[in-house]
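Dumped run20.cif below, it's mmCIF, N, CA and C atoms:
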data_data
#
loop_
_atom_site.label_atom_id
_atom_site.label_comp_id
_atom_site.auth_asym_id
_atom_site.auth_seq_id
_atom_site.Cartn_x
_atom_site.Cartn_y
_atom_site.Cartn_z
N MET A 1 115.82 94.64 73.16
CA MET A 1 115.70 95.07 74.53
C MET A 1 114.22 95.12 74.91
N ILE A 2 113.90 94.66 76.08
CA ILE A 2 112.52 94.67 76.57
C ILE A 2 112.28 95.99 77.29
N LEU A 3 111.28 96.74 76.83
CA LEU A 3 110.96 98.01 77.48
C LEU A 3 109.68 97.92 78.28
N PHE A 4 108.79 97.05 77.88
CA PHE A 4 107.52 96.94 78.59
C PHE A 4 107.30 95.50 79.00
N ALA A 5 106.64 95.32 80.11
CA ALA A 5 106.41 93.97 80.61
C ALA A 5 105.01 93.86 81.18
N SER A 6 104.17 93.14 80.49
CA SER A 6 102.80 93.01 80.97
C SER A 6 102.73 92.15 82.22
N ALA A 7 103.64 91.21 82.39
CA ALA A 7 103.62 90.34 83.56
C ALA A 7 104.08 91.08 84.81
N GLY A 8 104.78 92.20 84.64
CA GLY A 8 105.17 93.00 85.79
C GLY A 8 106.50 92.64 86.40
N TRP A 9 107.16 91.58 85.97
CA TRP A 9 108.41 91.20 86.63
C TRP A 9 109.59 91.10 85.67
N LEU A 10 109.44 91.57 84.47
CA LEU A 10 110.55 91.57 83.52
C LEU A 10 111.38 92.84 83.70
N PRO A 11 112.61 92.86 83.16
CA PRO A 11 113.42 94.08 83.27
C PRO A 11 112.66 95.30 82.76
N PHE A 12 112.86 96.40 83.41
CA PHE A 12 112.24 97.69 83.07
C PHE A 12 110.73 97.70 83.28
N SER A 13 110.20 96.78 84.07
CA SER A 13 108.75 96.75 84.28
C SER A 13 108.29 98.03 84.98
N ALA A 14 107.15 98.53 84.54
CA ALA A 14 106.58 99.76 85.09
C ALA A 14 105.96 99.47 86.45
N LYS A 15 106.18 100.37 87.39
CA LYS A 15 105.63 100.23 88.74
C LYS A 15 104.93 101.52 89.14
N HIS A 16 103.89 101.36 89.93
CA HIS A 16 103.12 102.48 90.47
C HIS A 16 102.95 102.22 91.96
N VAL A 17 103.60 103.03 92.78
CA VAL A 17 103.51 102.90 94.23
C VAL A 17 102.51 103.93 94.74
N ILE A 18 101.57 103.48 95.56
CA ILE A 18 100.57 104.36 96.16
C ILE A 18 100.63 104.14 97.67
N ILE A 19 100.76 105.23 98.41
CA ILE A 19 100.90 105.17 99.86
C ILE A 19 99.74 105.91 100.50
N PHE A 20 98.98 105.23 101.36
CA PHE A 20 97.83 105.82 102.05
C PHE A 20 98.15 106.04 103.53
N ASN A 21 97.74 107.18 104.05
CA ASN A 21 97.82 107.46 105.49
C ASN A 21 96.63 106.79 106.17
N LYS A 22 96.89 105.69 106.87
CA LYS A 22 95.85 104.98 107.60
C LYS A 22 96.14 104.97 109.10
N LEU A 23 96.85 106.01 109.56
CA LEU A 23 97.15 106.08 110.99
C LEU A 23 95.85 106.09 111.78
N VAL A 24 95.74 105.19 112.74
CA VAL A 24 94.53 105.05 113.55
C VAL A 24 94.26 106.32 114.35
N THR A 25 95.33 107.02 114.73
CA THR A 25 95.19 108.26 115.51
C THR A 25 94.70 109.43 114.66
N ARG A 26 94.60 109.21 113.34
CA ARG A 26 94.17 110.22 112.39
C ARG A 26 95.12 111.42 112.36
N ALA A 27 96.37 111.16 112.66
CA ALA A 27 97.40 112.20 112.64
C ALA A 27 97.86 112.45 111.20
N THR A 28 98.48 113.60 110.99
CA THR A 28 99.10 113.90 109.70
C THR A 28 100.38 113.07 109.59
N LEU A 29 100.60 112.51 108.42
CA LEU A 29 101.77 111.69 108.13
C LEU A 29 102.67 112.46 107.17
N VAL A 30 103.92 112.67 107.55
CA VAL A 30 104.89 113.34 106.68
C VAL A 30 105.81 112.26 106.14
N LEU A 31 105.92 112.19 104.81
CA LEU A 31 106.76 111.15 104.22
C LEU A 31 107.78 111.74 103.26
N HIS A 32 108.89 111.03 103.12
CA HIS A 32 109.97 111.44 102.23
C HIS A 32 110.52 110.17 101.59
N CYS A 33 110.31 110.01 100.28
CA CYS A 33 110.73 108.80 99.58
C CYS A 33 111.85 109.13 98.58
N ARG A 34 112.81 108.20 98.50
CA ARG A 34 113.93 108.39 97.58
C ARG A 34 114.61 107.06 97.29
N ASN A 35 115.38 107.07 96.20
CA ASN A 35 116.29 105.97 95.92
C ASN A 35 117.66 106.58 95.67
N LYS A 36 118.62 105.78 95.21
CA LYS A 36 119.98 106.30 95.04
C LYS A 36 120.05 107.47 94.07
N GLY A 37 119.19 107.49 93.07
CA GLY A 37 119.29 108.53 92.05
C GLY A 37 118.16 109.53 91.99
N GLU A 38 117.15 109.35 92.81
CA GLU A 38 115.96 110.21 92.69
C GLU A 38 115.33 110.46 94.05
N ASP A 39 115.04 111.73 94.30
CA ASP A 39 114.37 112.14 95.54
C ASP A 39 112.96 112.57 95.17
N LYS A 40 111.96 111.91 95.72
CA LYS A 40 110.56 112.23 95.40
C LYS A 40 110.04 113.43 96.18
N GLY A 41 110.80 113.92 97.16
CA GLY A 41 110.40 115.09 97.92
C GLY A 41 109.68 114.72 99.21
N VAL A 42 109.32 115.75 99.96
CA VAL A 42 108.63 115.59 101.24
C VAL A 42 107.17 115.97 101.06
N PHE A 43 106.29 115.12 101.56
CA PHE A 43 104.85 115.35 101.42
C PHE A 43 104.15 115.13 102.75
N SER A 44 103.10 115.88 102.96
CA SER A 44 102.30 115.79 104.18
C SER A 44 100.93 115.25 103.80
N LEU A 45 100.54 114.14 104.43
CA LEU A 45 99.26 113.50 104.11
C LEU A 45 98.33 113.57 105.32
N GLY A 46 97.14 114.09 105.10
CA GLY A 46 96.11 114.05 106.12
C GLY A 46 95.53 112.64 106.20
N PRO A 47 94.67 112.39 107.18
CA PRO A 47 94.05 111.07 107.33
C PRO A 47 93.35 110.63 106.03
N GLY A 48 93.67 109.44 105.55
CA GLY A 48 93.05 108.91 104.34
C GLY A 48 93.65 109.41 103.03
N ASP A 49 94.53 110.41 103.10
CA ASP A 49 95.15 110.95 101.88
C ASP A 49 96.21 110.00 101.36
N SER A 50 96.58 110.21 100.08
CA SER A 50 97.58 109.33 99.47
C SER A 50 98.62 110.13 98.69
N PHE A 51 99.73 109.48 98.44
CA PHE A 51 100.82 110.00 97.62
C PHE A 51 101.21 108.85 96.70
N ASP A 52 101.54 109.15 95.44
CA ASP A 52 101.94 108.08 94.54
C ASP A 52 103.08 108.53 93.64
N PHE A 53 103.80 107.54 93.13
CA PHE A 53 104.84 107.81 92.15
C PHE A 53 105.02 106.59 91.26
N ARG A 54 105.63 106.84 90.09
CA ARG A 54 105.83 105.79 89.09
C ARG A 54 107.31 105.73 88.71
N PHE A 55 107.73 104.54 88.31
CA PHE A 55 109.11 104.34 87.89
C PHE A 55 109.20 103.01 87.17
N ARG A 56 110.38 102.71 86.67
CA ARG A 56 110.65 101.41 86.06
C ARG A 56 111.78 100.73 86.84
N VAL A 57 111.66 99.43 87.00
CA VAL A 57 112.69 98.63 87.67
C VAL A 57 113.93 98.62 86.77
N ASN A 58 115.11 98.76 87.38
CA ASN A 58 116.34 98.78 86.59
C ASN A 58 116.68 97.39 86.04
N LEU A 59 117.60 97.35 85.10
CA LEU A 59 117.95 96.11 84.41
C LEU A 59 118.46 95.04 85.37
N ARG A 60 119.24 95.43 86.37
CA ARG A 60 119.79 94.46 87.32
C ARG A 60 118.79 94.05 88.40
N LYS A 61 117.60 94.66 88.36
CA LYS A 61 116.53 94.37 89.31
C LYS A 61 116.99 94.59 90.76
N THR A 62 117.67 95.73 90.96
CA THR A 62 118.14 96.11 92.29
C THR A 62 117.44 97.39 92.78
N THR A 63 116.39 97.80 92.11
CA THR A 63 115.68 99.03 92.46
C THR A 63 115.13 98.96 93.87
N VAL A 64 115.41 100.02 94.65
CA VAL A 64 114.89 100.15 96.02
C VAL A 64 114.49 101.60 96.23
N TYR A 65 113.28 101.82 96.73
CA TYR A 65 112.84 103.14 97.19
C TYR A 65 112.61 103.05 98.69
N THR A 66 113.26 103.93 99.43
CA THR A 66 113.13 103.98 100.88
C THR A 66 112.37 105.24 101.26
N CYS A 67 111.45 105.09 102.21
CA CYS A 67 110.69 106.25 102.69
C CYS A 67 110.87 106.41 104.19
N SER A 68 110.96 107.65 104.62
CA SER A 68 110.88 107.94 106.05
C SER A 68 109.48 108.46 106.30
N PHE A 69 108.95 108.10 107.45
CA PHE A 69 107.59 108.47 107.84
C PHE A 69 107.64 109.13 109.21
N ASP A 70 107.02 110.28 109.34
CA ASP A 70 106.97 110.99 110.61
C ASP A 70 105.52 111.31 110.95
N TRP A 71 105.15 111.04 112.20
CA TRP A 71 103.88 111.45 112.76
C TRP A 71 104.15 111.78 114.22
N PRO A 72 103.25 112.43 114.92
CA PRO A 72 103.56 112.90 116.28
C PRO A 72 104.22 111.83 117.16
N ASN A 73 105.39 112.19 117.67
CA ASN A 73 106.18 111.35 118.58
C ASN A 73 106.74 110.08 117.95
N ASN A 74 106.78 110.01 116.62
CA ASN A 74 107.29 108.82 115.93
C ASN A 74 108.02 109.17 114.64
N THR A 75 109.06 108.42 114.36
CA THR A 75 109.76 108.46 113.08
C THR A 75 110.09 107.02 112.72
N ALA A 76 109.82 106.64 111.49
CA ALA A 76 110.08 105.28 111.05
C ALA A 76 110.56 105.30 109.60
N THR A 77 111.28 104.25 109.23
CA THR A 77 111.81 104.11 107.87
C THR A 77 111.42 102.74 107.34
N PHE A 78 111.16 102.70 106.03
CA PHE A 78 110.79 101.43 105.41
C PHE A 78 111.11 101.48 103.92
N ASP A 79 111.57 100.35 103.36
CA ASP A 79 111.78 100.23 101.92
C ASP A 79 110.41 99.96 101.29
N ILE A 80 109.81 101.01 100.76
CA ILE A 80 108.45 100.91 100.22
C ILE A 80 108.42 100.11 98.92
N PHE A 81 109.55 100.04 98.23
CA PHE A 81 109.66 99.16 97.07
C PHE A 81 111.05 98.54 97.08
N ARG A 82 111.09 97.23 96.97
CA ARG A 82 112.33 96.47 96.81
C ARG A 82 112.09 95.48 95.67
N ALA A 83 112.90 95.54 94.63
CA ALA A 83 112.71 94.63 93.50
C ALA A 83 112.76 93.17 93.95
N ASP A 84 113.62 92.85 94.92
CA ASP A 84 113.72 91.45 95.35
C ASP A 84 112.47 90.97 96.09
N ARG A 85 111.67 91.89 96.62
CA ARG A 85 110.43 91.53 97.32
C ARG A 85 109.20 91.78 96.45
N ASP A 86 109.15 92.94 95.77
CA ASP A 86 107.93 93.38 95.09
C ASP A 86 107.91 93.12 93.59
N ASP A 87 109.02 92.66 93.03
CA ASP A 87 109.08 92.37 91.60
C ASP A 87 109.70 90.99 91.38
N ASN A 88 109.39 90.07 92.29
CA ASN A 88 109.97 88.73 92.26
C ASN A 88 108.85 87.71 92.41
N PRO A 89 108.57 86.93 91.37
CA PRO A 89 107.47 85.96 91.46
C PRO A 89 107.70 84.89 92.53
N LYS A 90 108.93 84.76 93.03
CA LYS A 90 109.22 83.76 94.06
C LYS A 90 109.14 84.32 95.48
N SER A 91 108.92 85.63 95.62
CA SER A 91 108.82 86.19 96.97
C SER A 91 107.47 85.81 97.57
N LYS A 92 107.40 85.83 98.90
CA LYS A 92 106.16 85.42 99.57
C LYS A 92 105.00 86.38 99.30
N VAL A 93 105.31 87.62 98.90
CA VAL A 93 104.25 88.59 98.64
C VAL A 93 103.95 88.75 97.15
N GLY A 94 104.79 88.17 96.29
CA GLY A 94 104.54 88.20 94.86
C GLY A 94 104.82 89.54 94.21
N VAL A 95 104.58 89.58 92.92
CA VAL A 95 104.85 90.76 92.09
C VAL A 95 103.68 91.73 92.16
N CYS A 96 104.00 93.02 92.25
CA CYS A 96 102.95 94.04 92.13
C CYS A 96 103.35 95.01 91.03
N SER A 97 102.41 95.35 90.17
CA SER A 97 102.60 96.42 89.21
C SER A 97 102.12 97.71 89.83
N GLU A 98 100.99 97.60 90.53
CA GLU A 98 100.46 98.70 91.33
C GLU A 98 100.63 98.26 92.79
N CYS A 99 101.60 98.87 93.46
CA CYS A 99 101.94 98.48 94.84
C CYS A 99 101.25 99.46 95.79
N ILE A 100 100.19 98.99 96.44
CA ILE A 100 99.38 99.85 97.30
C ILE A 100 99.73 99.58 98.74
N TRP A 101 100.16 100.64 99.44
CA TRP A 101 100.60 100.53 100.83
C TRP A 101 99.70 101.34 101.74
N SER A 102 99.35 100.76 102.86
CA SER A 102 98.62 101.44 103.93
C SER A 102 99.58 101.58 105.10
N ILE A 103 99.74 102.81 105.56
CA ILE A 103 100.68 103.07 106.65
C ILE A 103 99.90 103.18 107.96
N TYR A 104 100.18 102.23 108.86
CA TYR A 104 99.59 102.19 110.19
C TYR A 104 100.70 102.43 111.21
N GLU A 105 100.35 102.79 112.43
CA GLU A 105 101.37 102.99 113.47
C GLU A 105 102.24 101.76 113.69
N PRO A 106 101.66 100.57 113.84
CA PRO A 106 102.52 99.42 114.14
C PRO A 106 103.32 98.90 112.93
N ALA A 107 102.83 99.16 111.69
CA ALA A 107 103.49 98.55 110.54
C ALA A 107 102.99 99.12 109.21
N PRO A 108 103.86 99.11 108.20
CA PRO A 108 103.41 99.39 106.84
C PRO A 108 102.87 98.08 106.24
N CYS A 109 101.75 98.16 105.54
CA CYS A 109 101.12 96.96 104.99
C CYS A 109 100.86 97.12 103.50
N ARG A 110 101.27 96.11 102.73
CA ARG A 110 100.98 96.12 101.29
C ARG A 110 99.64 95.43 101.08
N ASP A 111 98.71 96.17 100.50
CA ASP A 111 97.38 95.64 100.26
C ASP A 111 97.42 94.60 99.13
N ARG A 112 96.51 93.66 99.23
CA ARG A 112 96.40 92.61 98.22
C ARG A 112 95.27 92.94 97.25
N ARG A 113 95.53 92.70 95.97
CA ARG A 113 94.53 92.99 94.92
C ARG A 113 93.31 92.09 95.06
N ASP A 114 93.48 90.90 95.66
CA ASP A 114 92.35 89.97 95.78
C ASP A 114 91.50 90.27 97.02
N GLY A 115 91.84 91.32 97.76
CA GLY A 115 91.08 91.69 98.94
C GLY A 115 91.42 90.89 100.18
N GLY A 116 92.38 89.99 100.07
CA GLY A 116 92.78 89.18 101.22
C GLY A 116 93.53 89.99 102.26
N GLN A 117 93.95 89.30 103.30
CA GLN A 117 94.69 89.90 104.39
C GLN A 117 95.94 90.60 103.83
N PRO A 118 96.19 91.87 104.16
CA PRO A 118 97.38 92.56 103.65
C PRO A 118 98.67 91.95 104.20
N TYR A 119 99.75 92.20 103.50
CA TYR A 119 101.08 91.77 103.95
C TYR A 119 101.68 92.91 104.76
N CYS A 120 101.90 92.70 106.04
CA CYS A 120 102.47 93.74 106.90
C CYS A 120 103.91 93.39 107.24
N PHE A 121 104.73 94.42 107.36
CA PHE A 121 106.17 94.26 107.58
C PHE A 121 106.60 95.08 108.77
N PRO A 122 107.69 94.69 109.42
CA PRO A 122 108.21 95.53 110.51
C PRO A 122 108.86 96.80 109.96
N TRP A 123 108.81 97.84 110.74
CA TRP A 123 109.53 99.06 110.39
C TRP A 123 111.02 98.76 110.40
N ALA A 124 111.78 99.42 109.51
CA ALA A 124 113.24 99.24 109.47
C ALA A 124 113.88 99.94 110.68
N SER A 125 113.27 101.04 111.11
CA SER A 125 113.79 101.77 112.27
C SER A 125 112.66 102.49 112.96
#

Could I get this file's structure written as structure tokens?
Amino acid sequence: MILFASAGWLPFSAKHVIIFNKLVTRATLVLHCRNKGEDKGVFSLGPGDSFDFRFRVNLRKTTVYTCSFDWPNNTATFDIFRADRDDNPKSKVGVCSECIWSIYEPAPCRDRRDGGQPYCFPWAS
């Protein structure tokens, strides 16, 4: 059985999700992240603050963590980690072992390790 994966995309690969509050309005961001079996809790992030968590991708590679984000006059939801997007070498955004997200009002964006243009996605709601 494979327990560790240096390439980042094998079964049980370790993941580290980091979420930064980059709201242009400098508002406090309240987030709540969970998957089917685990609730990470509710956290309040000031401007520039971050929240992070670690986990391993399941054997079937169906791991999904969904977060709700609240800031003044707004509520949005987004799958902050999806194995089919973030742990798939064939996805347009590639595999991340350390998945760094910047949360902006118009969109959540996954930062690129090479410093290139981040990958931004539409809010789910």

Fewer than 4 positions away in the same chain doesn't count, so skip those; otherwise give me all residues within 8 Å of stretch 104-106 of chain A, counting only N, CA and C atoms, as a PDB file with N, CA and C atoms, keeping the file's coordinate frame.
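The resulting file, out24.pdb, is reproduced below:
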ATOM      1  N   PHE A  20      98.980 105.230 101.360  1.00  0.00           N
ATOM      2  CA  PHE A  20      97.830 105.820 102.050  1.00  0.00           C
ATOM      3  C   PHE A  20      98.150 106.040 103.530  1.00  0.00           C
ATOM      4  N   ASN A  21      97.740 107.180 104.050  1.00  0.00           N
ATOM      5  CA  ASN A  21      97.820 107.460 105.490  1.00  0.00           C
ATOM      6  C   ASN A  21      96.630 106.790 106.170  1.00  0.00           C
ATOM      7  N   LYS A  22      96.890 105.690 106.870  1.00  0.00           N
ATOM      8  CA  LYS A  22      95.850 104.980 107.600  1.00  0.00           C
ATOM      9  C   LYS A  22      96.140 104.970 109.100  1.00  0.00           C
ATOM     10  N   LEU A  23      96.850 106.010 109.560  1.00  0.00           N
ATOM     11  CA  LEU A  23      97.150 106.080 110.990  1.00  0.00           C
ATOM     12  C   LEU A  23      95.850 106.090 111.780  1.00  0.00           C
ATOM     13  N   VAL A  24      95.740 105.190 112.740  1.00  0.00           N
ATOM     14  CA  VAL A  24      94.530 105.050 113.550  1.00  0.00           C
ATOM     15  C   VAL A  24      94.260 106.320 114.350  1.00  0.00           C
ATOM     16  N   THR A  25      95.330 107.020 114.730  1.00  0.00           N
ATOM     17  CA  THR A  25      95.190 108.260 115.510  1.00  0.00           C
ATOM     18  C   THR A  25      94.700 109.430 114.660  1.00  0.00           C
ATOM     19  N   CYS A 120     101.900  92.700 106.040  1.00  0.00           N
ATOM     20  CA  CYS A 120     102.470  93.740 106.900  1.00  0.00           C
ATOM     21  C   CYS A 120     103.910  93.390 107.240  1.00  0.00           C
ATOM     22  N   PHE A 121     104.730  94.420 107.360  1.00  0.00           N
ATOM     23  CA  PHE A 121     106.170  94.260 107.580  1.00  0.00           C
ATOM     24  C   PHE A 121     106.600  95.080 108.770  1.00  0.00           C
ATOM     25  N   PRO A 122     107.690  94.690 109.420  1.00  0.00           N
ATOM     26  CA  PRO A 122     108.210  95.530 110.510  1.00  0.00           C
ATOM     27  C   PRO A 122     108.860  96.800 109.960  1.00  0.00           C
ATOM     28  N   TRP A 123     108.810  97.840 110.740  1.00  0.00           N
ATOM     29  CA  TRP A 123     109.530  99.060 110.390  1.00  0.00           C
ATOM     30  C   TRP A 123     111.020  98.760 110.400  1.00  0.00           C
TER      31      TRP A 123
END

Neighbouring residues of stretch 31-43 of chain A were defined as those with any atom within 5 Å, considering only N, CA and C atoms; residues of the same chain fewer than 6 positions away were excluded. Please report them as a ChimeraX atom specification.
/A:64-69

Hey, can you pull every residue with an atom no more than 8 Å from (106.8, 90.4, 93.7), using all atoms listed in the file, and send it as a ChimeraX atom specification?
/A:8-9,82-97

Quote the spacing between atom C of A:Phe12 and atom C of A:Asp52 in Å to one decimal place.
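That distance, rounded to one decimal, is 16.8 Å.
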
Decode the PyMOL selection byres ((chain A and resi 60) around 8) for the given file into explicit residues and return them as a list of chain:residue names.
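With the PyMOL selection byres ((chain A and resi 60) around 8) on this model, the match is A:Pro11, A:Phe12, A:Val57, A:Asn58, A:Leu59, A:Lys61, A:Thr62, A:Thr63, A:Ala83.
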
For atom C of A:Pro72 and atom CA of A:Glu98, the interatomic separation in Å (one decimal):
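Interatomic distance here is 29.2 Å.
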
Hey, which of A:Lys15, A:Phe55, A:Trp71, A:Asp114 ends up closest to A:Ala27? Count all atoms listed in the file.
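Among the listed residues, the smallest separation from A:Ala27 belongs to A:Trp71.
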
Run DSSP on the backbone and give me the residues of stretch 8-114 of chain A it puts in alpha helix (DSSP H), as a PyMOL selection string.
chain A and resi 83-86

Starting from the shown file, work through the PyMOL selection byres (((chain A and resi 19 and name CA) around 9) and name CA) and note down what comes out as a PDB file with N, CA and C atoms, keeping the file's coordinate frame.
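The result, stored in selection10.pdb:
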ATOM      1  N   VAL A  17     103.600 103.030  92.780  1.00  0.00           N
ATOM      2  CA  VAL A  17     103.510 102.900  94.230  1.00  0.00           C
ATOM      3  C   VAL A  17     102.510 103.930  94.740  1.00  0.00           C
ATOM      4  N   ILE A  18     101.570 103.480  95.560  1.00  0.00           N
ATOM      5  CA  ILE A  18     100.570 104.360  96.160  1.00  0.00           C
ATOM      6  C   ILE A  18     100.630 104.140  97.670  1.00  0.00           C
ATOM      7  N   PHE A  20      98.980 105.230 101.360  1.00  0.00           N
ATOM      8  CA  PHE A  20      97.830 105.820 102.050  1.00  0.00           C
ATOM      9  C   PHE A  20      98.150 106.040 103.530  1.00  0.00           C
ATOM     10  N   ASN A  21      97.740 107.180 104.050  1.00  0.00           N
ATOM     11  CA  ASN A  21      97.820 107.460 105.490  1.00  0.00           C
ATOM     12  C   ASN A  21      96.630 106.790 106.170  1.00  0.00           C
ATOM     13  N   ASP A  49      94.530 110.410 103.100  1.00  0.00           N
ATOM     14  CA  ASP A  49      95.150 110.950 101.880  1.00  0.00           C
ATOM     15  C   ASP A  49      96.210 110.000 101.360  1.00  0.00           C
ATOM     16  N   SER A  50      96.580 110.210 100.080  1.00  0.00           N
ATOM     17  CA  SER A  50      97.580 109.330  99.470  1.00  0.00           C
ATOM     18  C   SER A  50      98.620 110.130  98.690  1.00  0.00           C
ATOM     19  N   PHE A  51      99.730 109.480  98.440  1.00  0.00           N
ATOM     20  CA  PHE A  51     100.820 110.000  97.620  1.00  0.00           C
ATOM     21  C   PHE A  51     101.210 108.850  96.700  1.00  0.00           C
ATOM     22  N   ASP A  52     101.540 109.150  95.440  1.00  0.00           N
ATOM     23  CA  ASP A  52     101.940 108.080  94.540  1.00  0.00           C
ATOM     24  C   ASP A  52     103.080 108.530  93.640  1.00  0.00           C
ATOM     25  N   ILE A  80     109.810 101.010 100.760  1.00  0.00           N
ATOM     26  CA  ILE A  80     108.450 100.910 100.220  1.00  0.00           C
ATOM     27  C   ILE A  80     108.420 100.110  98.920  1.00  0.00           C
ATOM     28  N   CYS A  99     101.600  98.870  93.460  1.00  0.00           N
ATOM     29  CA  CYS A  99     101.940  98.480  94.840  1.00  0.00           C
ATOM     30  C   CYS A  99     101.250  99.460  95.790  1.00  0.00           C
ATOM     31  N   ILE A 100     100.190  98.990  96.440  1.00  0.00           N
ATOM     32  CA  ILE A 100      99.380  99.850  97.300  1.00  0.00           C
ATOM     33  C   ILE A 100      99.730  99.580  98.740  1.00  0.00           C
ATOM     34  N   TRP A 101     100.160 100.640  99.440  1.00  0.00           N
ATOM     35  CA  TRP A 101     100.600 100.530 100.830  1.00  0.00           C
ATOM     36  C   TRP A 101      99.700 101.340 101.740  1.00  0.00           C
ATOM     37  N   SER A 102      99.350 100.760 102.860  1.00  0.00           N
ATOM     38  CA  SER A 102      98.620 101.440 103.930  1.00  0.00           C
ATOM     39  C   SER A 102      99.580 101.580 105.100  1.00  0.00           C
ATOM     40  N   ILE A 103      99.740 102.810 105.560  1.00  0.00           N
ATOM     41  CA  ILE A 103     100.680 103.070 106.650  1.00  0.00           C
ATOM     42  C   ILE A 103      99.900 103.180 107.960  1.00  0.00           C
TER      43      ILE A 103
END

Write out as a count of residues only all residues of chain A that DSSP puts in strand (DSSP E or B) for this structure's backbone.
56
